[in-house]
Each structure stands twice: as structure tokens, then as C-alpha cells.
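K.L.:
Below you'll find input.txt; it's compact mmCIF, C-alpha atoms and all ligand atoms.
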# COMPACT_ATOMS: atom_id res chain seq x y z
CA MET A 1 207.11 147.02 252.24
CA ASN A 2 206.37 144.69 249.31
CA ARG A 3 203.68 146.86 247.75
CA HIS A 4 204.47 149.39 245.07
CA TYR A 5 204.18 152.96 246.29
CA ASP A 6 203.77 156.21 244.43
CA VAL A 7 206.17 157.90 246.83
CA ALA A 8 208.83 156.69 249.28
CA VAL A 9 210.25 159.12 251.82
CA VAL A 10 213.51 158.39 253.63
CA GLY A 11 213.65 160.04 257.08
CA ARG A 12 210.92 160.64 259.65
CA GLY A 13 212.31 163.98 260.88
CA ILE A 14 210.29 167.11 260.17
CA VAL A 15 211.64 167.42 256.60
CA GLY A 16 210.67 163.83 255.71
CA LEU A 17 207.25 164.20 257.34
CA ALA A 18 206.67 167.45 255.44
CA HIS A 19 207.34 165.68 252.13
CA ALA A 20 205.11 162.76 253.16
CA LEU A 21 202.30 165.20 254.00
CA ALA A 22 202.59 167.05 250.71
CA ALA A 23 202.50 163.78 248.74
CA ALA A 24 199.58 162.41 250.81
CA ARG A 25 197.64 165.60 250.12
CA MET A 26 198.12 164.92 246.42
CA GLY A 27 196.37 161.59 246.92
CA LYS A 28 199.58 159.54 246.55
CA ARG A 29 200.30 156.21 248.25
CA VAL A 30 203.21 157.09 250.51
CA ILE A 31 205.66 155.04 252.60
CA VAL A 32 208.12 156.55 255.09
CA ILE A 33 211.31 154.63 255.90
CA ASP A 34 213.64 155.42 258.80
CA ARG A 35 216.29 153.47 260.63
CA ASN A 36 214.57 154.29 263.92
CA ALA A 37 211.02 153.63 265.11
CA ARG A 38 210.77 157.26 266.23
CA ALA A 39 212.52 160.50 265.42
CA THR A 40 215.60 161.07 267.59
CA GLY A 41 217.53 163.72 265.64
CA ALA A 42 217.42 167.50 265.25
CA SER A 43 213.65 167.48 264.78
CA ILE A 44 212.96 166.57 268.42
CA ARG A 45 215.93 168.42 269.93
CA ASN A 46 215.03 171.94 268.82
CA PHE A 47 213.03 174.74 270.44
CA GLY A 48 209.93 173.87 268.42
CA PHE A 49 210.05 177.50 267.47
CA VAL A 50 208.47 178.18 264.06
CA THR A 51 210.27 181.48 263.48
CA VAL A 52 209.10 183.82 260.73
CA THR A 53 210.50 187.20 261.80
CA GLY A 54 214.22 187.46 261.05
CA GLN A 55 214.40 184.67 258.45
CA GLU A 56 216.41 185.46 255.30
CA ARG A 57 214.33 187.94 253.33
CA TYR A 58 213.81 186.59 249.83
CA ASP A 59 213.37 182.81 250.15
CA MET A 60 213.26 181.70 253.80
CA TRP A 61 210.89 184.42 255.03
CA PRO A 62 208.11 183.55 252.53
CA LEU A 63 208.72 179.83 253.12
CA ALA A 64 208.43 180.35 256.89
CA ARG A 65 205.18 182.29 256.51
CA ARG A 66 203.64 179.46 254.51
CA ALA A 67 205.06 176.77 256.84
CA ARG A 68 203.65 178.62 259.85
CA ASP A 69 200.19 178.47 258.24
CA VAL A 70 200.56 174.73 257.63
CA TRP A 71 201.60 174.22 261.29
CA ALA A 72 198.51 176.16 262.42
CA ASP A 73 196.33 173.91 260.25
CA VAL A 74 198.01 170.60 261.11
CA ALA A 75 198.50 171.11 264.86
CA PRO A 76 194.85 170.70 265.95
CA ARG A 77 194.33 167.78 263.57
CA ALA A 78 197.38 165.99 264.97
CA GLY A 79 196.59 166.81 268.61
CA ILE A 80 199.52 169.21 268.98
CA ALA A 81 199.23 172.10 271.43
CA ILE A 82 200.49 175.53 270.34
CA GLU A 83 202.45 176.40 273.49
CA GLN A 84 203.18 180.03 272.61
CA THR A 85 202.64 182.46 269.74
CA GLY A 86 204.65 185.47 268.57
CA LEU A 87 208.10 186.72 269.54
CA VAL A 88 209.52 189.52 271.69
CA LEU A 89 213.01 190.86 271.08
CA PRO A 90 214.03 193.41 273.76
CA VAL A 91 217.35 195.13 272.93
CA ARG A 92 219.89 196.79 275.23
CA ARG A 93 221.87 198.83 272.66
CA GLN A 94 221.00 201.87 270.55
CA ALA A 95 222.69 200.21 267.57
CA ALA A 96 220.17 197.38 267.92
CA VAL A 97 217.27 199.85 268.00
CA ALA A 98 218.52 201.19 264.64
CA VAL A 99 218.37 197.64 263.21
CA LEU A 100 214.83 197.12 264.49
CA GLU A 101 213.69 200.48 263.07
CA ALA A 102 215.16 199.61 259.67
CA PHE A 103 213.64 196.12 259.82
CA ARG A 104 210.19 197.57 260.42
CA GLN A 105 210.50 199.66 257.26
CA THR A 106 210.83 196.49 255.16
CA GLU A 107 207.96 194.21 254.12
CA MET A 108 209.23 191.78 256.81
CA GLY A 109 208.20 194.23 259.52
CA GLU A 110 204.53 193.97 258.59
CA GLY A 111 202.46 193.35 261.73
CA CYS A 112 205.45 193.91 264.06
CA ASP A 113 205.49 196.66 266.71
CA LEU A 114 208.43 198.51 268.25
CA LEU A 115 207.68 199.17 271.91
CA THR A 116 209.35 201.24 274.61
CA ASP A 117 210.48 199.64 277.87
CA VAL A 118 207.32 200.91 279.60
CA GLN A 119 205.04 199.61 276.83
CA LEU A 120 206.73 196.18 276.97
CA ARG A 121 206.13 195.88 280.71
CA ALA A 122 202.48 196.81 280.21
CA LEU A 123 202.14 194.21 277.44
CA ASP A 124 203.84 191.35 279.34
CA PRO A 125 203.51 192.26 283.03
CA GLU A 126 204.36 188.73 284.22
CA THR A 127 207.73 188.48 282.47
CA PRO A 128 210.62 189.99 284.51
CA PHE A 129 212.39 191.79 281.65
CA THR A 130 215.49 193.76 282.60
CA PRO A 131 215.51 197.38 281.33
CA CYS A 132 215.69 197.66 277.53
CA GLU A 133 216.10 200.43 274.94
CA ALA A 134 213.18 199.08 272.86
CA ALA A 135 211.51 195.78 272.01
CA LEU A 136 210.28 194.31 268.74
CA VAL A 137 207.05 192.37 269.15
CA SER A 138 205.96 190.04 266.35
CA PRO A 139 202.65 188.16 266.13
CA HIS A 140 203.84 185.73 263.44
CA GLU A 141 205.53 182.86 265.29
CA LEU A 142 204.26 179.55 266.71
CA ARG A 143 205.92 177.37 269.30
CA VAL A 144 205.27 173.66 269.82
CA GLU A 145 207.01 171.10 272.07
CA ALA A 146 209.13 169.45 269.38
CA ARG A 147 209.66 166.14 271.18
CA GLU A 148 205.87 165.67 271.35
CA ALA A 149 204.84 167.39 268.12
CA VAL A 150 206.99 165.44 265.65
CA PRO A 151 205.82 161.96 266.78
CA ARG A 152 202.23 163.26 266.75
CA ILE A 153 202.55 164.40 263.15
CA ALA A 154 203.79 160.90 262.24
CA GLY A 155 200.87 159.30 264.14
CA TRP A 156 198.35 161.57 262.40
CA LEU A 157 199.84 160.91 258.94
CA GLU A 158 199.53 157.18 259.56
CA ARG A 159 196.08 157.26 261.16
CA ASP A 160 194.26 159.90 259.14
CA MET A 161 196.27 160.53 255.98
CA GLY A 162 196.90 156.92 254.91
CA VAL A 163 200.70 157.15 255.07
CA THR A 164 202.52 153.84 255.72
CA PHE A 165 205.46 153.84 258.15
CA ALA A 166 207.78 150.93 257.41
CA PRO A 167 209.31 148.93 260.28
CA PRO A 168 212.74 150.39 261.20
CA ALA A 169 215.24 149.83 258.38
CA THR A 170 218.46 151.53 257.33
CA VAL A 171 218.44 152.73 253.74
CA ILE A 172 221.66 151.61 252.05
CA GLY A 173 220.97 152.74 248.49
CA CYS A 174 218.49 154.58 246.26
CA GLU A 175 218.08 154.43 242.51
CA SER A 176 215.23 155.34 240.20
CA GLY A 177 212.16 153.43 241.36
CA LEU A 178 213.97 151.51 244.11
CA VAL A 179 214.97 152.00 247.75
CA VAL A 180 217.33 149.33 249.08
CA THR A 181 217.16 148.86 252.85
CA SER A 182 218.78 146.62 255.45
CA THR A 183 215.60 144.51 255.54
CA GLY A 184 214.52 144.47 251.88
CA GLU A 185 213.59 146.60 248.89
CA VAL A 186 210.83 149.16 248.42
CA ARG A 187 209.58 150.14 244.98
CA ALA A 188 208.24 153.64 244.43
CA ASP A 189 207.78 155.94 241.44
CA ALA A 190 209.30 158.91 243.24
CA ILE A 191 211.74 158.92 246.16
CA PHE A 192 212.41 161.84 248.52
CA VAL A 193 215.48 161.38 250.70
CA CYS A 194 215.50 163.62 253.79
CA PRO A 195 218.36 162.27 255.96
CA GLY A 196 219.13 165.40 258.00
CA ASP A 197 222.84 165.65 258.82
CA ASP A 198 223.43 162.02 257.77
CA LEU A 199 223.90 162.85 254.10
CA ASN A 200 227.39 161.38 253.88
CA ALA A 201 226.16 157.79 254.27
CA LEU A 202 224.07 157.84 251.08
CA PHE A 203 225.27 160.82 249.03
CA PRO A 204 228.85 161.80 249.96
CA ASP A 205 229.40 163.60 246.64
CA MET A 206 226.41 165.81 247.33
CA MET A 207 227.92 166.89 250.64
CA ALA A 208 230.92 168.23 248.80
CA GLU A 209 228.89 169.84 246.03
CA HIS A 210 226.58 171.67 248.44
CA GLN A 211 229.40 172.31 250.96
CA VAL A 212 227.48 170.58 253.72
CA THR A 213 229.03 170.31 257.15
CA ARG A 214 227.50 169.91 260.63
CA CYS A 215 226.51 172.32 263.36
CA LYS A 216 226.43 171.18 267.00
CA LEU A 217 224.28 173.10 269.51
CA GLN A 218 224.00 173.06 273.31
CA MET A 219 220.56 173.38 274.86
CA LEU A 220 219.24 173.75 278.41
CA ARG A 221 215.95 173.32 280.21
CA LEU A 222 215.44 175.46 283.31
CA ALA A 223 213.00 174.66 286.11
CA ALA A 224 209.69 176.55 286.01
CA PRO A 225 210.64 180.01 287.32
CA GLY A 226 207.24 180.82 288.84
CA TRP A 227 206.36 183.38 286.18
CA ARG A 228 204.90 183.11 282.68
CA MET A 229 206.49 184.28 279.48
CA ALA A 230 203.76 185.38 277.07
CA ARG A 231 205.89 184.79 273.97
CA PRO A 232 209.34 183.43 273.02
CA VAL A 233 212.22 185.82 273.78
CA MET A 234 215.38 186.68 271.82
CA SER A 235 218.09 189.30 272.44
CA ASP A 236 220.47 191.70 270.60
CA LEU A 237 222.64 188.74 269.59
CA GLY A 238 219.83 187.40 267.39
CA LEU A 239 219.99 190.54 265.25
CA ALA A 240 223.57 189.70 264.28
CA ARG A 241 222.68 186.09 263.51
CA TYR A 242 219.30 185.94 261.74
CA GLU A 243 219.81 187.00 258.14
CA GLY A 244 216.56 188.98 257.91
CA TYR A 245 218.10 191.50 260.33
CA ALA A 246 221.82 190.83 259.86
CA ALA A 247 221.77 191.52 256.11
CA LEU A 248 220.42 195.06 256.65
CA PRO A 249 223.14 197.76 256.36
CA GLU A 250 222.15 199.03 259.84
CA ALA A 251 223.31 195.71 261.35
CA ALA A 252 227.03 196.30 260.67
CA PRO A 253 227.61 198.78 263.56
CA LEU A 254 225.73 196.44 265.93
CA ALA A 255 227.85 193.48 264.85
CA ALA A 256 231.02 195.49 265.55
CA GLN A 257 229.73 196.55 268.98
CA LEU A 258 228.77 192.99 269.92
CA ARG A 259 232.18 191.74 268.78
CA ALA A 260 233.83 194.30 271.08
CA GLU A 261 231.52 193.70 274.06
CA GLN A 262 230.68 189.97 273.92
CA PRO A 263 233.52 188.29 271.97
CA GLU A 264 233.40 185.03 273.90
CA LEU A 265 229.69 184.53 273.18
CA LEU A 266 230.20 185.25 269.49
CA ASP A 267 233.18 182.87 269.33
CA VAL A 268 230.96 179.95 270.36
CA GLY A 269 228.03 181.17 268.26
CA ILE A 270 225.68 181.98 271.13
CA HIS A 271 222.46 183.84 270.58
CA LEU A 272 219.59 183.74 273.03
CA ILE A 273 216.28 182.01 272.49
CA ALA A 274 214.12 181.32 275.54
CA VAL A 275 210.74 179.61 275.23
CA GLN A 276 208.31 178.25 277.80
CA SER A 277 206.65 174.84 277.99
CA ALA A 278 203.23 173.91 279.31
CA ASP A 279 204.70 172.90 282.71
CA GLY A 280 206.32 176.34 283.04
CA SER A 281 209.88 175.12 282.40
CA LEU A 282 212.02 177.16 280.01
CA VAL A 283 214.01 175.86 277.04
CA VAL A 284 217.08 178.07 276.62
CA GLY A 285 219.84 178.07 274.00
CA ASP A 286 221.84 177.99 271.92
CA SER A 287 225.48 177.76 270.82
CA HIS A 288 226.85 176.83 267.37
CA ASP A 289 229.97 174.75 266.71
CA TYR A 290 230.63 173.99 263.03
CA GLY A 291 232.63 171.12 261.54
CA ASP A 292 232.36 167.79 259.71
CA ALA A 293 232.63 165.94 263.05
CA PRO A 294 232.05 168.37 265.94
CA ASP A 295 233.09 167.00 269.35
CA PRO A 296 230.23 165.21 271.14
CA PHE A 297 230.84 166.78 274.55
CA HIS A 298 228.82 169.26 276.57
CA HIS A 299 230.89 172.26 277.70
CA GLU A 300 230.00 173.85 281.01
CA ARG A 301 231.56 177.18 280.02
CA ILE A 302 229.16 177.46 277.05
CA ASP A 303 226.17 176.83 279.34
CA SER A 304 227.44 179.56 281.69
CA LEU A 305 227.70 182.04 278.82
CA MET A 306 224.17 181.23 277.64
CA LEU A 307 222.85 181.71 281.17
CA GLU A 308 224.74 185.02 281.39
CA GLU A 309 222.86 186.30 278.33
CA PHE A 310 219.59 184.95 279.76
CA ALA A 311 220.23 186.88 283.00
CA ALA A 312 220.94 190.07 281.05
CA VAL A 313 217.46 189.89 279.49
CA LEU A 314 215.27 188.05 282.03
CA GLY A 315 217.09 188.20 285.36
CA ALA A 316 218.49 185.35 287.45
CA PRO A 317 217.86 181.95 285.81
CA SER A 318 216.12 179.10 287.65
CA PRO A 319 218.09 175.82 288.08
CA VAL A 320 219.09 173.79 285.02
CA ILE A 321 217.09 170.53 284.98
CA GLU A 322 218.10 169.11 281.58
CA ARG A 323 220.97 169.53 279.10
CA TRP A 324 221.28 168.14 275.58
CA ILE A 325 223.15 168.46 272.34
CA GLY A 326 221.63 168.66 268.87
CA VAL A 327 223.23 168.51 265.43
CA TYR A 328 221.93 169.73 262.10
CA ALA A 329 223.27 169.88 258.54
CA SER A 330 224.82 173.25 257.78
CA SER A 331 226.20 175.05 254.74
CA ALA A 332 227.55 178.51 254.01
CA LYS A 333 226.50 178.02 250.36
CA GLN A 334 222.70 177.85 250.70
CA ASN A 335 219.97 177.65 253.34
CA TRP A 336 218.48 174.47 251.88
CA PHE A 337 218.75 172.43 248.72
CA HIS A 338 216.82 170.02 246.53
CA HIS A 339 218.99 167.88 244.27
CA GLU A 340 217.68 165.25 241.85
CA ALA A 341 220.37 162.59 242.30
CA ALA A 342 218.90 160.28 239.62
CA PRO A 343 215.60 160.51 237.71
CA HIS A 344 212.83 160.75 240.34
CA VAL A 345 215.28 160.40 243.26
CA HIS A 346 215.21 163.70 245.15
CA VAL A 347 217.52 164.63 248.01
CA ILE A 348 216.45 167.47 250.28
CA ALA A 349 218.29 169.04 253.21
CA VAL A 350 217.72 172.21 255.22
CA THR A 351 221.23 173.48 255.89
CA CYS A 352 220.70 176.52 258.12
CA GLY A 353 218.99 175.40 261.30
CA ALA A 354 215.50 176.49 260.28
CA GLY A 355 213.88 173.19 259.34
CA MET A 356 211.06 173.44 261.89
CA SER A 357 210.22 176.86 260.46
CA THR A 358 210.30 176.01 256.77
CA ALA A 359 209.99 172.24 256.12
CA PHE A 360 206.23 172.21 255.46
CA ALA A 361 206.61 174.86 252.75
CA ILE A 362 209.73 173.25 251.28
CA GLY A 363 207.87 169.92 251.12
CA GLU A 364 205.02 171.52 249.18
CA ARG A 365 207.40 173.24 246.80
CA VAL A 366 209.62 170.20 246.12
CA VAL A 367 206.88 167.57 245.88
CA GLY A 368 204.67 169.92 243.86
CA ALA A 369 207.43 170.48 241.31
CA ALA A 370 208.54 166.83 241.24
CA LEU A 371 205.07 165.31 240.83
CA ASN A 372 203.46 168.22 239.02
CA THR A 373 200.20 167.64 240.90
CA PRO A 374 198.12 170.22 242.78
CA ILE A 375 197.90 169.83 246.56
CA LYS A 376 194.36 169.25 247.88
CA GLU A 377 193.08 170.95 251.00
CA ILE A 378 192.76 168.51 253.91
CA ALA A 379 189.07 167.73 254.44
C1 LIG B 401 219.31 172.25 269.11
C2 LIG B 401 218.58 172.64 267.87
C3 LIG B 401 217.72 173.73 267.89
C4 LIG B 401 217.02 174.09 266.74
N1 LIG B 401 216.07 175.06 266.80
C5 LIG B 401 215.27 175.29 265.74
C6 LIG B 401 214.17 176.16 265.83
O1 LIG B 401 213.88 176.70 266.89
N2 LIG B 401 213.46 176.44 264.71
C7 LIG B 401 213.74 175.84 263.53
O2 LIG B 401 213.10 176.14 262.55
N3 LIG B 401 214.71 174.91 263.43
C8 LIG B 401 215.50 174.63 264.49
N4 LIG B 401 216.50 173.73 264.41
C9 LIG B 401 216.76 173.08 263.11
C10 LIG B 401 215.80 171.93 262.84
O3 LIG B 401 215.66 171.14 263.99
C11 LIG B 401 216.35 171.11 261.66
O4 LIG B 401 216.52 171.95 260.54
C12 LIG B 401 215.39 169.97 261.28
O5 LIG B 401 214.97 169.25 262.41
C13 LIG B 401 216.03 169.03 260.29
O6 LIG B 401 215.08 168.01 260.06
P1 LIG B 401 215.44 166.71 259.21
O7 LIG B 401 214.19 165.96 259.07
O8 LIG B 401 216.18 167.13 257.97
O9 LIG B 401 216.54 165.95 260.08
P2 LIG B 401 216.42 164.91 261.30
O10 LIG B 401 215.47 165.36 262.34
O11 LIG B 401 217.83 164.67 261.72
O12 LIG B 401 215.81 163.61 260.66
C14 LIG B 401 216.52 162.83 259.71
C15 LIG B 401 216.00 161.39 259.81
O13 LIG B 401 216.57 160.64 258.74
C16 LIG B 401 216.86 159.34 259.23
N5 LIG B 401 217.91 158.77 258.38
C17 LIG B 401 219.06 159.37 257.96
N6 LIG B 401 219.75 158.55 257.18
C18 LIG B 401 219.04 157.39 257.10
C19 LIG B 401 219.25 156.15 256.42
N7 LIG B 401 220.33 155.92 255.66
N8 LIG B 401 218.30 155.19 256.57
C20 LIG B 401 217.20 155.39 257.33
N9 LIG B 401 216.96 156.54 257.97
C21 LIG B 401 217.86 157.53 257.85
C22 LIG B 401 217.34 159.57 260.66
O14 LIG B 401 217.20 158.41 261.46
C23 LIG B 401 216.41 160.71 261.11
O15 LIG B 401 215.24 160.21 261.76
C24 LIG B 401 217.24 173.37 265.53
C25 LIG B 401 218.12 172.30 265.51
C26 LIG B 401 218.78 171.91 266.67
C27 LIG B 401 219.70 170.73 266.62
Now, as a test, write the supplied structure out as C-alpha cells.
Ligand SMILES: Cc1cc2nc3c(=O)[nH]c(=O)nc-3n(C[C@H](O)[C@H](O)[C@H](O)COP(=O)(O)OP(=O)(O)OC[C@H]3O[C@@H](n4cnc5c(N)ncnc54)[C@H](O)[C@@H]3O)c2cc1C
P.N.:
Amino acid sequence: MNRHYDVAVVGRGIVGLAHALAAARMGKRVIVIDRNARATGASIRNFGFVTVTGQERYDMWPLARRARDVWADVAPRAGIAIEQTGLVLPVRRQAAVAVLEAFRQTEMGEGCDLLTDVQLRALDPETPFTPCEAALVSPHELRVEAREAVPRIAGWLERDMGVTFAPPATVIGCESGLVVTSTGEVRADAIFVCPGDDLNALFPDMMAEHQVTRCKLQMLRLAAPGWRMARPVMSDLGLARYEGYAALPEAAPLAAQLRAEQPELLDVGIHLIAVQSADGSLVVGDSHDYGDAPDPFHHERIDSLMLEEFAAVLGAPSPVIERWIGVYASSAKQNWFHHEAAPHVHVIAVTCGAGMSTAFAIGERVVGAALNTPIKEIA
């Protein structure tokens, strides 16, 4: 802690680690500071789903493509297994087929196929899909087990990339060249603060300026169902939620139909994502509850609604073996922001629930611009 560093990063979630990686690849001496000895926030509570297809078209989609490539490069170096690749989105409504057809006409549809029900069953014979009108199949996604992957990235950065991880310390202030923590001070030329949804402790004014609030999600793990799912699964509801689809004009009739047919699910922000882990268990979610201080409780009714949507796409669910809640920073104003709070003190937050999918690319962009240094390929 007493040395002088080129770069200090606050936060060892995926956004902080992405900034530490970018700086380390520029040859900088980097220290990461977090109040906890391991990540415990959104970065280990998510699906581990690096989603490209469906991200907002003009900024998030290119960021996600680049971040996916960084994940593919980093995963084997850090000892992280890629659990699944790609995405399948079977839809049950003609209005949803119209959205998928329009999506495929855009540059975002590159590499994606639109299959019939029969073609889908031939492609994924082990997955018990219920009948669908059509299915979008994308090759672009990666899925890792977040609770294992994020600590492994930290271990690899420390072991192989020369990044220092400070003993646990709460950061209580940042100014140019100086990070003040509960256990002492750290001096660094550039500081990148990546505090996730905990922005109000250090930069309350920034929360107001960027209209940052919180989003609480409910998640489930189901026992291994005895069948394999070749790729992560989403449903019609995702087309009304992910901006890459939802911003298309063809999505408006679908949104109206979903509102009429599934109002309760929309009211609690449910859309279906189901992914499979190495042991065969399924991670299923999620719901979205927005507010500065969402209640901390798990609601059984929300779980039932999520399982209802699961059953509509994949048949009867296996027993629930784990439930958890996750929270991320959220904003209706922008998907992410980078704000220079003081000279060389940068604050970064992903405010749309896509940090796993974009952080590596955001880190490269922010650190590259801040330090004006080219990133070297990892040897
Ligand atoms: C349930 C759920 C599902 C999700 N699914 C996906 C998905 O499938 N795909 C996807 O792309 N994204 C997904 N997301 C979003 C993604 O997880 C987040 O965007 C991302 O993890 C945010 O990372 P972060 O590093 O900013 O925050 P965090 O992981 O919260 O990390 C912030 C870190 O900063 C530290 N910190 C904060 N303040 C201080 C301080 N003052 N001093 C010291 N340390 C401090 C905290 O201890 C913490 O370790 C999901 C999120 C949730 C909750």
C-alpha cells in the first residue's frame, strides 16, 4: 500500500477488474482496493452470461462484441471454463417472429439464424422445448459461472499480470493522486473508481447527475433436470426488454400483446434467461425492481411467475435448490458512464445490468482514453 502506483482501481467486481486488466496490459503498476477480500456483489450473482445479441445497437452491441472476444482470450489463461456458447430464443407469438425477422435484417443479425420449430428440435434434440413459432439462434454469446470466474480473473491478474490486490480496506475518499482508505493512503497517478451500486458513499452528487438508482433481481437455481441445454435460452419477454430488439418499430405490437397477456410478469420486470452449469443445474431468472433502496426480501410470487415462464418454454421445472437476490446500479439516462470527478480521478459505472457483457471493452476504452497509451497483446 505504501508504494506509489501508476494506477489505483477501487472495486474488485468485473468493472474494476476490467480496468485493472486494461492498465496492466499497458505496462502500468496497478493496485486494486476493495472493502472485501473477494467479490460479493452483482459480479458474482449474475448469470455469467456475456450477451451480445439484443444489446443496444449503437454503443452496447459493439462493446459487447469486443468484451466477448476479451472473455474468450482471458478465460483459458485464468482457468475459467466456458460453460456454454451462443443463445437460443424460441418465440410463441407471431408478433415476436416479426421482431426476429426485422432484427435479422440489421447488422446485429449477422451470424444469427431463424429456425422453425422442427429445425430447432433437430439442432438441440436434448432440450425439451415446448412448441414455438420460430427460434433465433445466435453463435455470439459466452457463458461462465460468475461466482467462480470473477475470483479467477482476480487470481490471474495478481499471479500473471503483476497486479497488486490490497488487503481489504474501505475507500473513504479520492482526490487527484490519492486514495484515502480505512487503513491508510494509497498514492497513484490515475484512479479508476468502480463501486457498482455503492456510488452514493463516495460520489452522491454523481448519482443525482447521472440519475442512478438501484435494480434488485431475484434468481433461482434448479436441480439438474436430467437433460442438457446446448445454449442459454430466452423467451418472447426478452424481445420487449433488450434494447437491440425492443427499439425496432416491429417490437411495439409485441409489447402491447405481452402487456395484455402477461401483465403481472411485466409489472415485476420478469424476462426469462435460463442457463446451465457444469453439474447440470440451471440458473433461471430474473425479475427487476427499481428504486433507491429496493426491499431486501425474496418474494415467492415472483419466483412462481418466473417458473411459469420457464414452463412455457422448457416444460415442468425441476426443484429449486438455491435462491438469491442481486442488485446493480441502474439509470434511465444512460447504459453506462465515465465521469472524471477530479483530474485523473475517473468514476465508472455500468447502469443497465450488462456489466458482465461489456466491462472488458469499457475498461479498454476508458483506460485507453485516460492514459493515452496503447494496449499490448498479452504474451
Ligand atoms: C442477478 C443479476 C443478474 C445479472 N445478469 C447479468 C448477465 O447475465 N449479463 C451481464 O452482462 N450482466 C448481468 N448483470 C449485471 C452485472 O452483474 C453488473 O453490471 C456488474 O456485475 C457490475 O459490476 P461492478 O464491478 O460495477 O459492481 P460490483 O460487482 O457490485 O462490484 C463493486 C465492488 O466495489 C466495492 N466497493 C464499492 N464501494 C467501495 C468502497 N467505498 N471501498 C471499497 N470497496 C468498495 C464493492 O465491495 C464491490 O466488490 C446481472 C446483475 C445481477 C445482480
K.L.:
Got a sec to check which residues lie within 7 Å of ligand LIG 401 (chain B), using all atoms listed in the file, and send them as a PyMOL selection string?
P.N.:
chain A and resi 10-16+33-36+38-51+169-172+194-199+201-202+216-219+286+325-328+349-358
K.L.:
For the atom pair atom CA of Val144 of chain A and atom CA of Thr213 of chain A, what is the interatomic distance in Å to one decimal place?
P.N.:
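Interatomic distance, atom CA of Val144 of chain A to atom CA of Thr213 of chain A: 27.1 Å.
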K.L.:
Using all atoms listed in the file, which of the listed residues (A:Ala230, A:Leu222, A:Leu142, A:Val347) sits closest to Pro317 of chain A?
P.N.:
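Under the stated criterion, the closest residue is A:Leu222.
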K.L.:
Rank nothing, just name the residue among A:Gln276, A:Thr85, A:Thr373, A:Thr106 nearest to Arg25 of chain A, using only C-alpha atoms.
P.N.:
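Counting only C-alpha atoms, the residue closest to Arg25 of chain A is A:Thr373.
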K.L.:
Ranking A:Pro76, A:Ala293, A:Ala37, A:Arg121 by minimum distance to Pro168 of chain A and counting all atoms listed in the file, which one comes first?
P.N.:
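Going through A:Pro76, A:Ala293, A:Ala37, A:Arg121 one by one, the smallest distance to Pro168 of chain A is for A:Ala37.
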K.L.:
Can I get a file of segment 108-122 of chain A from the given structure, N, CA, C and O atoms kept, as a PDB file, in the first residue's frame?
P.N.:
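For reference, decode.pdb as written:
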ATOM      1  N   MET A 108     -26.977  -6.310 -36.653  1.00  0.00           N
ATOM      2  CA  MET A 108     -26.896  -7.104 -35.415  1.00  0.00           C
ATOM      3  C   MET A 108     -27.295  -8.561 -35.636  1.00  0.00           C
ATOM      4  O   MET A 108     -26.995  -9.416 -34.809  1.00  0.00           O
ATOM      5  N   GLY A 109     -27.975  -8.815 -36.749  1.00  0.00           N
ATOM      6  CA  GLY A 109     -28.416 -10.183 -37.030  1.00  0.00           C
ATOM      7  C   GLY A 109     -27.349 -11.036 -37.698  1.00  0.00           C
ATOM      8  O   GLY A 109     -27.568 -12.227 -37.951  1.00  0.00           O
ATOM      9  N   GLU A 110     -26.205 -10.424 -37.965  1.00  0.00           N
ATOM     10  CA  GLU A 110     -25.127 -11.151 -38.660  1.00  0.00           C
ATOM     11  C   GLU A 110     -24.766 -12.435 -37.893  1.00  0.00           C
ATOM     12  O   GLU A 110     -24.576 -12.406 -36.667  1.00  0.00           O
ATOM     13  N   GLY A 111     -24.765 -13.549 -38.602  1.00  0.00           N
ATOM     14  CA  GLY A 111     -24.397 -14.824 -37.978  1.00  0.00           C
ATOM     15  C   GLY A 111     -25.554 -15.519 -37.271  1.00  0.00           C
ATOM     16  O   GLY A 111     -25.404 -16.660 -36.831  1.00  0.00           O
ATOM     17  N   CYS A 112     -26.702 -14.836 -37.130  1.00  0.00           N
ATOM     18  CA  CYS A 112     -27.845 -15.434 -36.422  1.00  0.00           C
ATOM     19  C   CYS A 112     -28.777 -16.120 -37.423  1.00  0.00           C
ATOM     20  O   CYS A 112     -28.980 -15.617 -38.534  1.00  0.00           O
ATOM     21  N   ASP A 113     -29.370 -17.237 -37.011  1.00  0.00           N
ATOM     22  CA  ASP A 113     -30.319 -17.971 -37.863  1.00  0.00           C
ATOM     23  C   ASP A 113     -31.713 -17.895 -37.260  1.00  0.00           C
ATOM     24  O   ASP A 113     -31.865 -17.825 -36.038  1.00  0.00           O
ATOM     25  N   LEU A 114     -32.718 -17.957 -38.143  1.00  0.00           N
ATOM     26  CA  LEU A 114     -34.110 -18.045 -37.679  1.00  0.00           C
ATOM     27  C   LEU A 114     -34.625 -19.421 -38.086  1.00  0.00           C
ATOM     28  O   LEU A 114     -34.734 -19.723 -39.273  1.00  0.00           O
ATOM     29  N   LEU A 115     -34.891 -20.258 -37.089  1.00  0.00           N
ATOM     30  CA  LEU A 115     -35.256 -21.651 -37.345  1.00  0.00           C
ATOM     31  C   LEU A 115     -36.747 -21.881 -37.135  1.00  0.00           C
ATOM     32  O   LEU A 115     -37.393 -21.178 -36.358  1.00  0.00           O
ATOM     33  N   THR A 116     -37.272 -22.914 -37.797  1.00  0.00           N
ATOM     34  CA  THR A 116     -38.628 -23.370 -37.500  1.00  0.00           C
ATOM     35  C   THR A 116     -38.569 -24.259 -36.260  1.00  0.00           C
ATOM     36  O   THR A 116     -37.479 -24.671 -35.819  1.00  0.00           O
ATOM     37  N   ASP A 117     -39.762 -24.599 -35.761  1.00  0.00           N
ATOM     38  CA  ASP A 117     -39.858 -25.494 -34.604  1.00  0.00           C
ATOM     39  C   ASP A 117     -39.138 -26.825 -34.898  1.00  0.00           C
ATOM     40  O   ASP A 117     -38.356 -27.314 -34.075  1.00  0.00           O
ATOM     41  N   VAL A 118     -39.368 -27.361 -36.081  1.00  0.00           N
ATOM     42  CA  VAL A 118     -38.766 -28.659 -36.438  1.00  0.00           C
ATOM     43  C   VAL A 118     -37.239 -28.533 -36.507  1.00  0.00           C
ATOM     44  O   VAL A 118     -36.495 -29.391 -36.007  1.00  0.00           O
ATOM     45  N   GLN A 119     -36.767 -27.456 -37.109  1.00  0.00           N
ATOM     46  CA  GLN A 119     -35.306 -27.253 -37.220  1.00  0.00           C
ATOM     47  C   GLN A 119     -34.671 -27.093 -35.836  1.00  0.00           C
ATOM     48  O   GLN A 119     -33.574 -27.581 -35.588  1.00  0.00           O
ATOM     49  N   LEU A 120     -35.387 -26.409 -34.911  1.00  0.00           N
ATOM     50  CA  LEU A 120     -34.844 -26.220 -33.561  1.00  0.00           C
ATOM     51  C   LEU A 120     -34.689 -27.571 -32.856  1.00  0.00           C
ATOM     52  O   LEU A 120     -33.674 -27.841 -32.218  1.00  0.00           O
ATOM     53  N   ARG A 121     -35.701 -28.408 -32.976  1.00  0.00           N
ATOM     54  CA  ARG A 121     -35.626 -29.730 -32.328  1.00  0.00           C
ATOM     55  C   ARG A 121     -34.489 -30.573 -32.900  1.00  0.00           C
ATOM     56  O   ARG A 121     -33.842 -31.342 -32.186  1.00  0.00           O
ATOM     57  N   ALA A 122     -34.241 -30.420 -34.212  1.00  0.00           N
ATOM     58  CA  ALA A 122     -33.143 -31.171 -34.820  1.00  0.00           C
ATOM     59  C   ALA A 122     -31.794 -30.628 -34.337  1.00  0.00           C
ATOM     60  O   ALA A 122     -30.841 -31.386 -34.122  1.00  0.00           O
TER      61      ALA A 122
END
